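**Q** Let me begin by handing over the structure; questions about it come next.
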Amino acid sequence: MTRIAVIGFAGRFPGAPDVDTFWANLLEGRESISRFTPGELTEAGVPEPEHAQADYVAARGVVADADCFDAEFFGYSAGEAMLTDPQQRVLLECAWHAAEHAGYGAGDHRTGVFVGTGENSYLGLLAASGVLTSEDALRLALSNAKDHAATRIAYKLGLTGPAVAVQTACSTSLVAVHLAASSLRLGDCDLALAGGASIQFPQIEGYRYSPHGILSPDGRCRPFADDAHGTVPGSGAAVVVLKRLDEALADGDTVHAVIRGSAVNNDGSRKAGYTAPSPHGQRDVILRALDAAEVDPATIGYVEAHGTGTEMGDGIEVQALTEAFGVHTDLREYCALGSVKSNVGHLDAAAGVTGLIKAVLAVREGVIPRSLHCEVPHRAIAWGETPFVPARGTTEWPVAVAPRRAAVSASGMGGTNAHVILEQAPADARPQPRLRPRDERALEVPALIPLSGAGETAVAELRDALAKQLAGTGVNLADAAHTLRVGRAAQPWRIAVAGSAHDLPALLRAAVARKYARGTLGFLFPGQGTQHPGMAEDLYEAFPVFRERFDECMSGFDPSLASTLRTLMLRRSTNEEDRASLNRTRLAQPALFALEYSVCGQLEFWGMRPRLLLGHSVGEITAACVAGAFTLAEALRLVEARGRLMDALPGGSMLAVFAGEAETTALLPRGLQIAAVNGPRSCVVAGPTPQVGAFAEDAAARGVSTRRLRVSHAFHSAMMAPAVDAFRTVAEAVHYRRPSTRVISNLTGEPVREYSARYWVEHLLSPVRFADGLATVLAARRPVLIEVGPGRSLGRLAQEIDPAASDRFLSALPAAEADASAAVSLLQAVGSAWATGVEVDWSAFGAGRRIPLPLYPFDRRRHWPQDTHDEGRLTDRPSAADPTGAARPTPQAGAAAEDTARNAAEDAAEDEIESLLRATWHTLLAVTVDEPDADFFALGGDSLLAVRLLATIRRGLDLRPTLDQILNRRTFAAQVELLRGLQAAVPTTAGRESGPTTNTGGS
C-alpha cells in the first residue's frame, strides 16, 4: 500500500495556541482544563441558580480567542465574519497555518480538503442577538452549515482537489485523515488537508454531572484509571497535511511521520445501543488497519487510544485492542497506552486529529508523554494478559530494530471507528539537526529571504520571529530561504534581505516593509569607468546561469583577450597594475559587456524580464543584445572591435561639469564638445587633455564645479573619428533585427525602432543623451530600475531626477570601493525589486527542503453578535429620511426658478447616490468607505451581497442598473459613476413633476 507522509500540522487547543505549546504541555504533564469561578460563570451568562447546584461541574477545555478572527486577511467583511460559525473561522486559520508549516502555503498543488466540525452552538447566539433579518437566511446557511467547512477552506485557499465535509461525531477528524490518505492513494489529489474543529459556546460554562452520563463528576478525565468516571468537554481545532511518501521524499519535504495504513468501519447493530461502543467493531477496524499497514503489532510501541475515561468505554477499547493485537502476537505489557483527553478533555470532532498529532510527535521525538491521572490502573482490566501498559510517566522511546511505530484510535457515537498506524519517518526526511557554529562554510553561503504579510505589523512580527529562530538555532539557511520563496503566499507588505547566516538576523531586524505595487521593470547598463578587478568572481562561483553566460562570452572573444579578462575579472586584486590593465579601453569595454550580459541572463532566469532597457555609452550595446537586436556572437565582435579601435586612438580627457547643458555649451571653447548630458545639472565635456584642463580652470573661475574623470580617451567626441571607418566595417557585418524589448537610445532619448551600422557609428561620435533617456524611462508606470553593472552611478542620476522614487532605483553589484559580496548584492537587488513591485520566479532559484518556520501572525479581531449595535444591523433598507437633509425642489414658475430647481435636484441626486451607496456598503460589509478606490469585493463582498446591493439601489434610488454592471464596477467611485450616469439619463425632476399641458389646438 502507498505510504502517506505527514508533512505539516497546526492546531489550537485548550491551554495551547499552537502545536509547539501543546507538545510542551504534554511533556510537562500539564492539565489544560479551565476551572471557572462563580463570578466568571455569572458574567458569562450562566444563571446563578444553575451553577450553584451541587452537581454543577465548572470545568471545560477552552480555546483562547475563539471569538476573534483575521477577517481582512481572508477577504471577509466584518459582517460576514460575524455571521460565520467560529468553528469554521478557527479551522480556516488552522488550515492556512498547517499548509505553511508543511511549506505549501503558496499555490494549489491539487490539494484536497477533508474536515468536519462539531455541533453549531453559535446559531443560537446569533438568533438571540437580534442582528438577523429575513434576508440573511441564505448567508446564514452558507456561513454556518457543516456542509461548507471543507469547501470554504478550498475557496479561501484556492485549492482544487476534492473538498469533503466529514461528520462521524467524535471520530470525525480521524476519519477525515483516513479519507484524505485514500484520496491521495487514488490520485484524486497530490496534497491533502485533514482535520476538524469543535468549539462550543459559551466556552465559559460547565455542565451538570449525571451518574449515567459520560461526563466526569469533578472535571477531570482519567483514561484507564481505576477511579475513571467520565470525560470532560473541550474545544479545539487541528489540521494535518498529507502527501504520498515517495513524492514527499523526492520533493524535499519534511516528513514528521508516515501513515503506513488506516481503516474505517461501523459497529452496525452489534452492541447494546446506538450510542454504546462495540468491541467487535473496534477490533475489526484495528485488524483492517494492521493488514493495510502490513506491520506486526509487536513492533508498535505506543497506542493513542480514544480513551474517554468512562468505565465501560475504556474496558471495551482495551478488549478490542488486545483481541486485534493477539491475532499476531503473544507479547504482553510491551506497548504504552495513553489518551490526550487526560490533558485537554474530549475535543469531539477535533479529538481524533489531536490524538494523531500527539502520536506523530511521540514517534518523531522518541518520547511518550504520560497520560494524566492514572495513579492506579483500572483493576477490572487484566493488564498482565494484554500487550498494554498505561503510560503513567513520560518515557524515552529509543529506536530498537524497527523504526518507532504508533497507532491512533477514534470512535464516534453512532459507531463509526477509525484506526491509523504511524511509523517513524525515513532518516533523511526528518526535521534536520541544526547546523553547529563550526560549519563555517555553510554559514557563509548567502541566501535571499523574502517575507510578506497583509499588513505592516504582521510582517514586522514575522520578521522578528524568523530573526530569532535564525539567530538562536542555526537553522539550515538554504532550506529556510527555499521554504520562504516557494512555500509562502506573497502578500502586499514585503521585506526581502540577502546575506549569510552570520548577517541575516541583524539584517532582518533592521529591514523595513514596503507595500507592493506592480511596477515596470527596467535595466540600466553602466558604461566604462565602473569596472574593477574581481568584479565577476563571486557571481561566477555562486550562480550557474551567470557562469554559463560568462563562459559563453569568453568563448566568443579572441582567446588572448578572453584569457586576460578571466584573470582580471575572476580574481580579486588590489594591485594597481591589475586595475590599470582593466582600465584599458580594449579590456574595459568587453569586460563590462560580459559582466552585464551575464547578470541579465541570471536575472531573466529568475523570471525578471525587463520592459525597458537603457545603457550608457557602451552599455547600450549590451542593452541592444539583450533585446535581441543582434546575436551574442555579433555583439561580441562589435564590442571587441570598438574597444580595440578606441584604445588605439590618441589619448584625451573627459570632465564632469555640474551645470546644465545650455550653460555648459555657452562656456565651451573651440576644440571641446559635450560628450554626455546625464542630468539637469550634469554634463560631461571631452577633448584634448590640455584644453580640458584649461576649461576646468576657467569653469572654476566662473563658479562652476567640475571633476576630472579617470579615463584614457575623449569618448563620444570628434577625437573618435579616426576609428570610424574600421568600426563601420565591423558594424556593417551585423544582421540587425527589431528589438524585442524597448531599448532607449543614447542619441535621442526615445525608444529605438531598429539599429544599423550608421547608428553605431553616430553613437561613437555623438553625446550620450542619458538624461533624455532617463526621462523616457521614468515616465513609465512606477519604474523599478536595476543597474546591472558595478556601482550605482546611473541610479544616482535617476534619483536626481526623481528623488521620491529612490527606493525603486536598485544596484545589482557593489562599486569598486565597496567591501561587499557581489553575490549578496545581486540577491538583495532581486529581493528589493520583489518587495517594491516586480514578480520573481522563485522556483528558478533551485531545489531545497521545505522546513517548518514561524507561522503567519494573524491580526485577529473580535467578531461577535453582541458587539453589533443598531447601526451595524444586517439590513439593506436605507433610511426613510433623505441622508443629505436637503429638501426636494418643487416646480416653480419662470425659467430662472426652473433652472435653480433643476440644479438643486441634480446636486441632491448626486449627494443621495453617494450617501446611499456609502451607507449600503457600510451595512453589507461593516466598513466605512473613506477612499474612492475602495474595492467592494476586496472588502469581503461577493455575488450574494452584490445582489442585495442592487436591490437596495433599485429601491432607494429608483434606478435600474444590471447585476453585470455592478459586478464589473468593483470600486466605490466606479459604482457612483455608473449610478450618476443612469441618473443623468432620467428626465429631470422639474420636467417629471410639472402638470399636464393644456391642449389649445382643439381635437
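Following the order of the C-alpha cells, chains are lettered A, B, ..., residues in each are numbered from 1, and ligands are numbered from 1.
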Fewer than 6 positions away in the same chain doesn't count, so skip those; otherwise give me all residues within 12 Å of segment 565-567 of chain A, counting only C-alpha atoms, as a ChimeraX atom specification.

**A** /A:531-537,540,547,550-551,553-555,557-559,573,578-579,581-584,586-595,640

**Q** List the spatial neighbours of segment 674-681 of chain A as a PDB file with all heavy atoms, in the first residue's frame - criterion: any atom at most 8 Å away, only C-alpha atoms, same-chain residues fewer than 5 positions off excluded.

**A**
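Resulting contents of around.pdb:
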ATOM      1  N   VAL A 657      30.963  68.182 -15.581  1.00  0.00           N
ATOM      2  CA  VAL A 657      30.642  69.588 -15.333  1.00  0.00           C
ATOM      3  C   VAL A 657      29.271  69.638 -14.655  1.00  0.00           C
ATOM      4  O   VAL A 657      28.272  69.122 -15.196  1.00  0.00           O
ATOM      5  CB  VAL A 657      30.605  70.386 -16.645  1.00  0.00           C
ATOM      6  CG1 VAL A 657      30.293  71.842 -16.363  1.00  0.00           C
ATOM      7  CG2 VAL A 657      31.920  70.238 -17.391  1.00  0.00           C
ATOM      8  N   PHE A 658      29.217  70.246 -13.487  1.00  0.00           N
ATOM      9  CA  PHE A 658      27.960  70.270 -12.728  1.00  0.00           C
ATOM     10  C   PHE A 658      27.172  71.532 -13.071  1.00  0.00           C
ATOM     11  O   PHE A 658      27.064  72.475 -12.297  1.00  0.00           O
ATOM     12  CB  PHE A 658      28.262  70.158 -11.243  1.00  0.00           C
ATOM     13  CG  PHE A 658      28.994  68.888 -10.908  1.00  0.00           C
ATOM     14  CD1 PHE A 658      30.360  68.899 -10.672  1.00  0.00           C
ATOM     15  CD2 PHE A 658      28.318  67.665 -10.899  1.00  0.00           C
ATOM     16  CE1 PHE A 658      31.037  67.724 -10.403  1.00  0.00           C
ATOM     17  CE2 PHE A 658      28.992  66.489 -10.626  1.00  0.00           C
ATOM     18  CZ  PHE A 658      30.354  66.510 -10.385  1.00  0.00           C
ATOM     19  N   ALA A 659      26.673  71.505 -14.307  1.00  0.00           N
ATOM     20  CA  ALA A 659      25.880  72.615 -14.832  1.00  0.00           C
ATOM     21  C   ALA A 659      24.960  72.052 -15.904  1.00  0.00           C
ATOM     22  O   ALA A 659      25.165  70.947 -16.421  1.00  0.00           O
ATOM     23  CB  ALA A 659      26.779  73.694 -15.405  1.00  0.00           C
ATOM     24  N   GLY A 660      23.932  72.824 -16.261  1.00  0.00           N
ATOM     25  CA  GLY A 660      23.009  72.383 -17.284  1.00  0.00           C
ATOM     26  C   GLY A 660      23.640  72.396 -18.665  1.00  0.00           C
ATOM     27  O   GLY A 660      24.720  72.974 -18.885  1.00  0.00           O
ATOM     28  N   GLU A 661      22.957  71.779 -19.618  1.00  0.00           N
ATOM     29  CA  GLU A 661      23.502  71.662 -20.975  1.00  0.00           C
ATOM     30  C   GLU A 661      23.698  73.032 -21.609  1.00  0.00           C
ATOM     31  O   GLU A 661      24.749  73.297 -22.212  1.00  0.00           O
ATOM     32  CB  GLU A 661      22.558  70.806 -21.828  1.00  0.00           C
ATOM     33  CG  GLU A 661      23.077  70.594 -23.245  1.00  0.00           C
ATOM     34  CD  GLU A 661      22.157  69.733 -24.087  1.00  0.00           C
ATOM     35  OE1 GLU A 661      21.030  69.411 -23.608  1.00  0.00           O
ATOM     36  OE2 GLU A 661      22.541  69.381 -25.214  1.00  0.00           O
ATOM     37  N   THR A 664      26.639  74.850 -19.964  1.00  0.00           N
ATOM     38  CA  THR A 664      27.909  74.220 -20.326  1.00  0.00           C
ATOM     39  C   THR A 664      28.281  74.542 -21.764  1.00  0.00           C
ATOM     40  O   THR A 664      29.451  74.859 -22.075  1.00  0.00           O
ATOM     41  CB  THR A 664      27.816  72.694 -20.140  1.00  0.00           C
ATOM     42  OG1 THR A 664      27.462  72.416 -18.788  1.00  0.00           O
ATOM     43  CG2 THR A 664      29.138  72.020 -20.460  1.00  0.00           C
ATOM     44  N   THR A 665      27.321  74.497 -22.667  1.00  0.00           N
ATOM     45  CA  THR A 665      27.586  74.807 -24.077  1.00  0.00           C
ATOM     46  C   THR A 665      28.103  76.238 -24.220  1.00  0.00           C
ATOM     47  O   THR A 665      29.023  76.506 -25.002  1.00  0.00           O
ATOM     48  CB  THR A 665      26.301  74.624 -24.901  1.00  0.00           C
ATOM     49  OG1 THR A 665      25.844  73.281 -24.764  1.00  0.00           O
ATOM     50  CG2 THR A 665      26.545  74.931 -26.362  1.00  0.00           C
ATOM     51  N   ALA A 686      34.431  66.562 -23.369  1.00  0.00           N
ATOM     52  CA  ALA A 686      35.538  65.738 -23.829  1.00  0.00           C
ATOM     53  C   ALA A 686      36.368  66.478 -24.856  1.00  0.00           C
ATOM     54  O   ALA A 686      35.870  67.345 -25.590  1.00  0.00           O
ATOM     55  CB  ALA A 686      35.006  64.431 -24.419  1.00  0.00           C
ATOM     56  N   PHE A 715      35.999  60.042 -25.180  1.00  0.00           N
ATOM     57  CA  PHE A 715      34.931  59.293 -25.824  1.00  0.00           C
ATOM     58  C   PHE A 715      33.778  60.218 -26.225  1.00  0.00           C
ATOM     59  O   PHE A 715      33.577  61.284 -25.657  1.00  0.00           O
ATOM     60  CB  PHE A 715      34.403  58.203 -24.882  1.00  0.00           C
ATOM     61  CG  PHE A 715      35.476  57.263 -24.394  1.00  0.00           C
ATOM     62  CD1 PHE A 715      35.714  57.102 -23.044  1.00  0.00           C
ATOM     63  CD2 PHE A 715      36.261  56.552 -25.291  1.00  0.00           C
ATOM     64  CE1 PHE A 715      36.701  56.244 -22.589  1.00  0.00           C
ATOM     65  CE2 PHE A 715      37.250  55.687 -24.845  1.00  0.00           C
ATOM     66  CZ  PHE A 715      37.480  55.538 -23.487  1.00  0.00           C
ATOM     67  N   HIS A 716      33.038  59.754 -27.233  1.00  0.00           N
ATOM     68  CA  HIS A 716      31.861  60.485 -27.726  1.00  0.00           C
ATOM     69  C   HIS A 716      32.224  61.920 -28.128  1.00  0.00           C
ATOM     70  O   HIS A 716      31.507  62.881 -27.823  1.00  0.00           O
ATOM     71  CB  HIS A 716      30.734  60.476 -26.681  1.00  0.00           C
ATOM     72  CG  HIS A 716      30.222  59.098 -26.402  1.00  0.00           C
ATOM     73  ND1 HIS A 716      29.370  58.445 -27.251  1.00  0.00           N
ATOM     74  CD2 HIS A 716      30.496  58.243 -25.383  1.00  0.00           C
ATOM     75  CE1 HIS A 716      29.116  57.235 -26.752  1.00  0.00           C
ATOM     76  NE2 HIS A 716      29.792  57.092 -25.619  1.00  0.00           N
ATOM     77  N   SER A 717      33.342  62.018 -28.822  1.00  0.00           N
ATOM     78  CA  SER A 717      33.781  63.325 -29.330  1.00  0.00           C
ATOM     79  C   SER A 717      34.429  63.122 -30.689  1.00  0.00           C
ATOM     80  O   SER A 717      34.603  61.988 -31.164  1.00  0.00           O
ATOM     81  CB  SER A 717      34.776  63.965 -28.353  1.00  0.00           C
ATOM     82  OG  SER A 717      36.031  63.317 -28.428  1.00  0.00           O
ATOM     83  N   SER A 766      28.784  60.880 -31.059  1.00  0.00           N
ATOM     84  CA  SER A 766      27.789  61.834 -30.543  1.00  0.00           C
ATOM     85  C   SER A 766      27.685  61.785 -29.028  1.00  0.00           C
ATOM     86  O   SER A 766      28.040  60.785 -28.395  1.00  0.00           O
ATOM     87  CB  SER A 766      26.418  61.528 -31.151  1.00  0.00           C
ATOM     88  OG  SER A 766      26.473  61.590 -32.559  1.00  0.00           O
ATOM     89  N   PRO A 767      27.167  62.851 -28.445  1.00  0.00           N
ATOM     90  CA  PRO A 767      26.976  62.856 -26.989  1.00  0.00           C
ATOM     91  C   PRO A 767      25.915  61.849 -26.554  1.00  0.00           C
ATOM     92  O   PRO A 767      24.954  61.584 -27.273  1.00  0.00           O
ATOM     93  CB  PRO A 767      26.543  64.290 -26.683  1.00  0.00           C
ATOM     94  CG  PRO A 767      26.021  64.829 -27.967  1.00  0.00           C
ATOM     95  CD  PRO A 767      26.798  64.152 -29.056  1.00  0.00           C
ATOM     96  N   VAL A 768      26.111  61.309 -25.370  1.00  0.00           N
ATOM     97  CA  VAL A 768      25.144  60.396 -24.761  1.00  0.00           C
ATOM     98  C   VAL A 768      24.062  61.243 -24.092  1.00  0.00           C
ATOM     99  O   VAL A 768      24.330  61.928 -23.105  1.00  0.00           O
ATOM    100  CB  VAL A 768      25.831  59.481 -23.727  1.00  0.00           C
ATOM    101  CG1 VAL A 768      24.795  58.621 -23.007  1.00  0.00           C
ATOM    102  CG2 VAL A 768      26.897  58.625 -24.381  1.00  0.00           C
ATOM    103  N   ARG A 769      22.859  61.178 -24.611  1.00  0.00           N
ATOM    104  CA  ARG A 769      21.762  61.958 -24.044  1.00  0.00           C
ATOM    105  C   ARG A 769      21.036  61.103 -22.994  1.00  0.00           C
ATOM    106  O   ARG A 769      19.857  60.747 -23.136  1.00  0.00           O
ATOM    107  CB  ARG A 769      20.832  62.452 -25.141  1.00  0.00           C
ATOM    108  CG  ARG A 769      21.556  63.256 -26.240  1.00  0.00           C
ATOM    109  CD  ARG A 769      20.593  64.149 -26.994  1.00  0.00           C
ATOM    110  NE  ARG A 769      19.987  65.132 -26.126  1.00  0.00           N
ATOM    111  CZ  ARG A 769      20.565  66.295 -25.757  1.00  0.00           C
ATOM    112  NH1 ARG A 769      21.794  66.595 -26.202  1.00  0.00           N
ATOM    113  NH2 ARG A 769      19.934  67.122 -24.949  1.00  0.00           N
ATOM    114  N   PHE A 770      21.775  60.802 -21.962  1.00  0.00           N
ATOM    115  CA  PHE A 770      21.260  59.885 -20.952  1.00  0.00           C
ATOM    116  C   PHE A 770      20.107  60.492 -20.160  1.00  0.00           C
ATOM    117  O   PHE A 770      19.162  59.795 -19.773  1.00  0.00           O
ATOM    118  CB  PHE A 770      22.389  59.458 -20.008  1.00  0.00           C
ATOM    119  CG  PHE A 770      22.033  58.313 -19.117  1.00  0.00           C
ATOM    120  CD1 PHE A 770      21.934  57.026 -19.609  1.00  0.00           C
ATOM    121  CD2 PHE A 770      21.761  58.516 -17.770  1.00  0.00           C
ATOM    122  CE1 PHE A 770      21.581  55.959 -18.795  1.00  0.00           C
ATOM    123  CE2 PHE A 770      21.404  57.459 -16.940  1.00  0.00           C
ATOM    124  CZ  PHE A 770      21.323  56.176 -17.452  1.00  0.00           C
ATOM    125  N   ALA A 771      20.170  61.779 -19.905  1.00  0.00           N
ATOM    126  CA  ALA A 771      19.090  62.429 -19.150  1.00  0.00           C
ATOM    127  C   ALA A 771      17.766  62.315 -19.893  1.00  0.00           C
ATOM    128  O   ALA A 771      16.713  62.075 -19.279  1.00  0.00           O
ATOM    129  CB  ALA A 771      19.427  63.890 -18.889  1.00  0.00           C
ATOM    130  N   LEU A 797      21.906  59.134 -10.847  1.00  0.00           N
ATOM    131  CA  LEU A 797      21.393  60.088 -11.830  1.00  0.00           C
ATOM    132  C   LEU A 797      19.872  60.053 -11.882  1.00  0.00           C
ATOM    133  O   LEU A 797      19.219  61.095 -11.976  1.00  0.00           O
ATOM    134  CB  LEU A 797      21.983  59.778 -13.212  1.00  0.00           C
ATOM    135  CG  LEU A 797      23.503  59.965 -13.360  1.00  0.00           C
ATOM    136  CD1 LEU A 797      23.962  59.478 -14.727  1.00  0.00           C
ATOM    137  CD2 LEU A 797      23.883  61.429 -13.150  1.00  0.00           C
ATOM    138  N   GLU A 800      18.450  61.870  -8.907  1.00  0.00           N
ATOM    139  CA  GLU A 800      18.485  63.327  -9.018  1.00  0.00           C
ATOM    140  C   GLU A 800      17.257  63.846  -9.756  1.00  0.00           C
ATOM    141  O   GLU A 800      16.731  64.913  -9.438  1.00  0.00           O
ATOM    142  CB  GLU A 800      19.751  63.762  -9.749  1.00  0.00           C
ATOM    143  CG  GLU A 800      21.029  63.570  -8.929  1.00  0.00           C
ATOM    144  CD  GLU A 800      22.265  63.932  -9.733  1.00  0.00           C
ATOM    145  OE1 GLU A 800      22.100  64.456 -10.860  1.00  0.00           O
ATOM    146  OE2 GLU A 800      23.374  63.677  -9.255  1.00  0.00           O
ATOM    147  N   ILE A 801      16.773  63.055 -10.715  1.00  0.00           N
ATOM    148  CA  ILE A 801      15.608  63.479 -11.482  1.00  0.00           C
ATOM    149  C   ILE A 801      14.320  63.216 -10.712  1.00  0.00           C
ATOM    150  O   ILE A 801      13.393  64.026 -10.722  1.00  0.00           O
ATOM    151  CB  ILE A 801      15.579  62.758 -12.847  1.00  0.00           C
ATOM    152  CG1 ILE A 801      16.811  63.168 -13.674  1.00  0.00           C
ATOM    153  CG2 ILE A 801      14.291  63.057 -13.600  1.00  0.00           C
ATOM    154  CD1 ILE A 801      16.931  62.414 -14.984  1.00  0.00           C
TER     155      ILE A 801
END

**Q** So, counting only C-alpha atoms, which residue among A:Val62, A:Leu957, A:Val838, A:Leu477 is closest to Ile851 of chain A?

**A**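 Result for the nearest residue to Ile851 of chain A: A:Leu477.
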
**Q** Set the distance at 9 Å and use only C-alpha atoms: which residues neighbour Val512 of chain A once local chain neighbours fewer than 6 positions away are removed? I'd like the list as a compact mmCIF listing (two decimals) with N, CA and C atoms, in the first residue's frame.

**A**
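This is the output file around_33.txt:
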# COMPACT_ATOMS: atom_id res chain seq x y z
N GLU A 456 1.62 45.84 7.65
CA GLU A 456 2.98 46.16 8.04
C GLU A 456 3.34 45.53 9.39
N ALA A 460 6.35 42.73 10.35
CA ALA A 460 7.35 43.00 11.38
C ALA A 460 7.40 41.87 12.41
N ARG A 494 5.93 43.75 2.12
CA ARG A 494 7.03 42.82 1.86
C ARG A 494 8.36 43.30 2.42
N ILE A 495 9.17 42.31 2.78
CA ILE A 495 10.55 42.52 3.21
C ILE A 495 11.38 41.48 2.48

**Q** Give me the residues near Leu337 of chain A as a list in words, where near means some atom within 8 Å (using only C-alpha atoms) and where sequence neighbours in that chain fewer than 4 positions away do not count.

**A**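 Contacts, in chain order: Tyr302, Val303, Glu304, Ala305, Phe388, Val389, Pro390 and Ala391 of chain A.
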
**Q** Convert the current residue selection to file output with C-alpha atoms, as an mmCIF file, in the first residue's frame.

**A**
data_model
loop_
_atom_site.group_PDB
_atom_site.id
_atom_site.type_symbol
_atom_site.label_atom_id
_atom_site.label_comp_id
_atom_site.auth_asym_id
_atom_site.auth_seq_id
_atom_site.Cartn_x
_atom_site.Cartn_y
_atom_site.Cartn_z
ATOM 1 C CA TYR A 302 2.511 3.205 21.621
ATOM 2 C CA VAL A 303 -1.250 3.418 21.132
ATOM 3 C CA GLU A 304 -3.006 6.773 21.416
ATOM 4 C CA ALA A 305 -6.413 5.483 22.428
ATOM 5 C CA PHE A 388 -0.554 -2.789 27.011
ATOM 6 C CA VAL A 389 0.751 -0.731 29.884
ATOM 7 C CA PRO A 390 -0.863 2.613 30.795
ATOM 8 C CA ALA A 391 1.566 5.462 30.063
#

**Q** Could you jot down the atom CA of Thr741 of chain A to atom CA of Leu632 of chain A separation for me, Å, one decimal place?

**A** 15.6 Å

**Q** Would you work out the distance separating atom CA of Ala696 of chain A from atom CA of Leu655 of chain A, expressed in Å to one decimal?

**A** 7.6 Å

**Q** Using only C-alpha atoms for the distances, tell me which of A:Thr308, A:Gln975, A:Gln965, A:Thr2 is nearest to Ile913 of chain A.

**A**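 Nearest candidate to Ile913 of chain A out of A:Thr308, A:Gln975, A:Gln965, A:Thr2: A:Gln975.
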
**Q** For segment 158-174 of chain A, find every residue with an atom within 6 Å (counting only C-alpha atoms), except residues of its own chain fewer than 4 positions away, and show them as a count of residues only.

**A** 24

**Q** With only C-alpha atoms as the counted atoms, please give the residues lying no more than 10 Å from Glu754 of chain A, apart from itself and same-chain residues fewer than 5 positions off, as a ChimeraX atom specification.

**A** /A:624,629,736-739,743,759

**Q** Atoms to include: all heavy atoms. Write the selected residues as a compact mmCIF listing (two decimals), in the first residue's frame.

**A**
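Resulting contents of out.txt:
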# COMPACT_ATOMS: atom_id res chain seq x y z
N ALA A 624 21.13 46.43 -26.34
CA ALA A 624 20.63 46.03 -27.66
C ALA A 624 20.73 44.52 -27.84
O ALA A 624 19.82 43.88 -28.40
CB ALA A 624 21.41 46.76 -28.75
N ALA A 629 18.53 42.62 -30.66
CA ALA A 629 18.79 43.41 -31.88
C ALA A 629 19.87 42.78 -32.74
O ALA A 629 19.95 43.04 -33.94
CB ALA A 629 19.18 44.83 -31.50
N TYR A 736 20.95 43.15 -38.33
CA TYR A 736 20.16 43.83 -37.31
C TYR A 736 18.70 43.39 -37.35
O TYR A 736 18.14 43.15 -38.42
CB TYR A 736 20.25 45.35 -37.48
CG TYR A 736 21.65 45.87 -37.29
CD1 TYR A 736 22.48 46.13 -38.38
CD2 TYR A 736 22.16 46.06 -36.01
CE1 TYR A 736 23.78 46.57 -38.20
CE2 TYR A 736 23.46 46.51 -35.82
CZ TYR A 736 24.27 46.76 -36.92
OH TYR A 736 25.55 47.20 -36.73
N ARG A 737 18.12 43.30 -36.16
CA ARG A 737 16.72 42.91 -36.01
C ARG A 737 16.01 43.96 -35.15
O ARG A 737 16.64 44.67 -34.38
CB ARG A 737 16.61 41.55 -35.32
CG ARG A 737 17.37 40.44 -36.05
CD ARG A 737 17.59 39.24 -35.15
NE ARG A 737 18.41 38.21 -35.78
CZ ARG A 737 19.73 38.24 -35.85
NH1 ARG A 737 20.41 39.24 -35.32
NH2 ARG A 737 20.40 37.27 -36.45
N ARG A 738 14.71 44.00 -35.27
CA ARG A 738 13.95 44.92 -34.43
C ARG A 738 14.03 44.43 -32.97
O ARG A 738 13.80 43.26 -32.69
CB ARG A 738 12.50 44.98 -34.89
CG ARG A 738 11.66 46.01 -34.12
CD ARG A 738 10.21 45.97 -34.60
NE ARG A 738 10.12 46.42 -35.98
CZ ARG A 738 9.99 47.70 -36.36
NH1 ARG A 738 9.94 48.64 -35.43
NH2 ARG A 738 9.92 48.01 -37.62
N PRO A 739 14.38 45.30 -32.03
CA PRO A 739 14.48 44.87 -30.63
C PRO A 739 13.15 44.32 -30.11
O PRO A 739 12.09 44.88 -30.38
CB PRO A 739 14.88 46.15 -29.88
CG PRO A 739 15.48 47.03 -30.93
CD PRO A 739 14.76 46.72 -32.20
N VAL A 743 14.41 49.47 -26.12
CA VAL A 743 15.73 50.00 -25.77
C VAL A 743 15.69 51.50 -26.00
O VAL A 743 15.28 51.97 -27.07
CB VAL A 743 16.85 49.37 -26.62
CG1 VAL A 743 18.21 49.86 -26.14
CG2 VAL A 743 16.79 47.85 -26.56
N TYR A 759 23.86 53.89 -37.20
CA TYR A 759 23.52 54.28 -35.82
C TYR A 759 24.74 54.14 -34.92
O TYR A 759 25.05 55.05 -34.13
CB TYR A 759 22.37 53.41 -35.30
CG TYR A 759 21.97 53.74 -33.87
CD1 TYR A 759 20.93 54.62 -33.62
CD2 TYR A 759 22.66 53.18 -32.78
CE1 TYR A 759 20.57 54.94 -32.30
CE2 TYR A 759 22.31 53.50 -31.47
CZ TYR A 759 21.27 54.38 -31.24
OH TYR A 759 20.92 54.70 -29.95
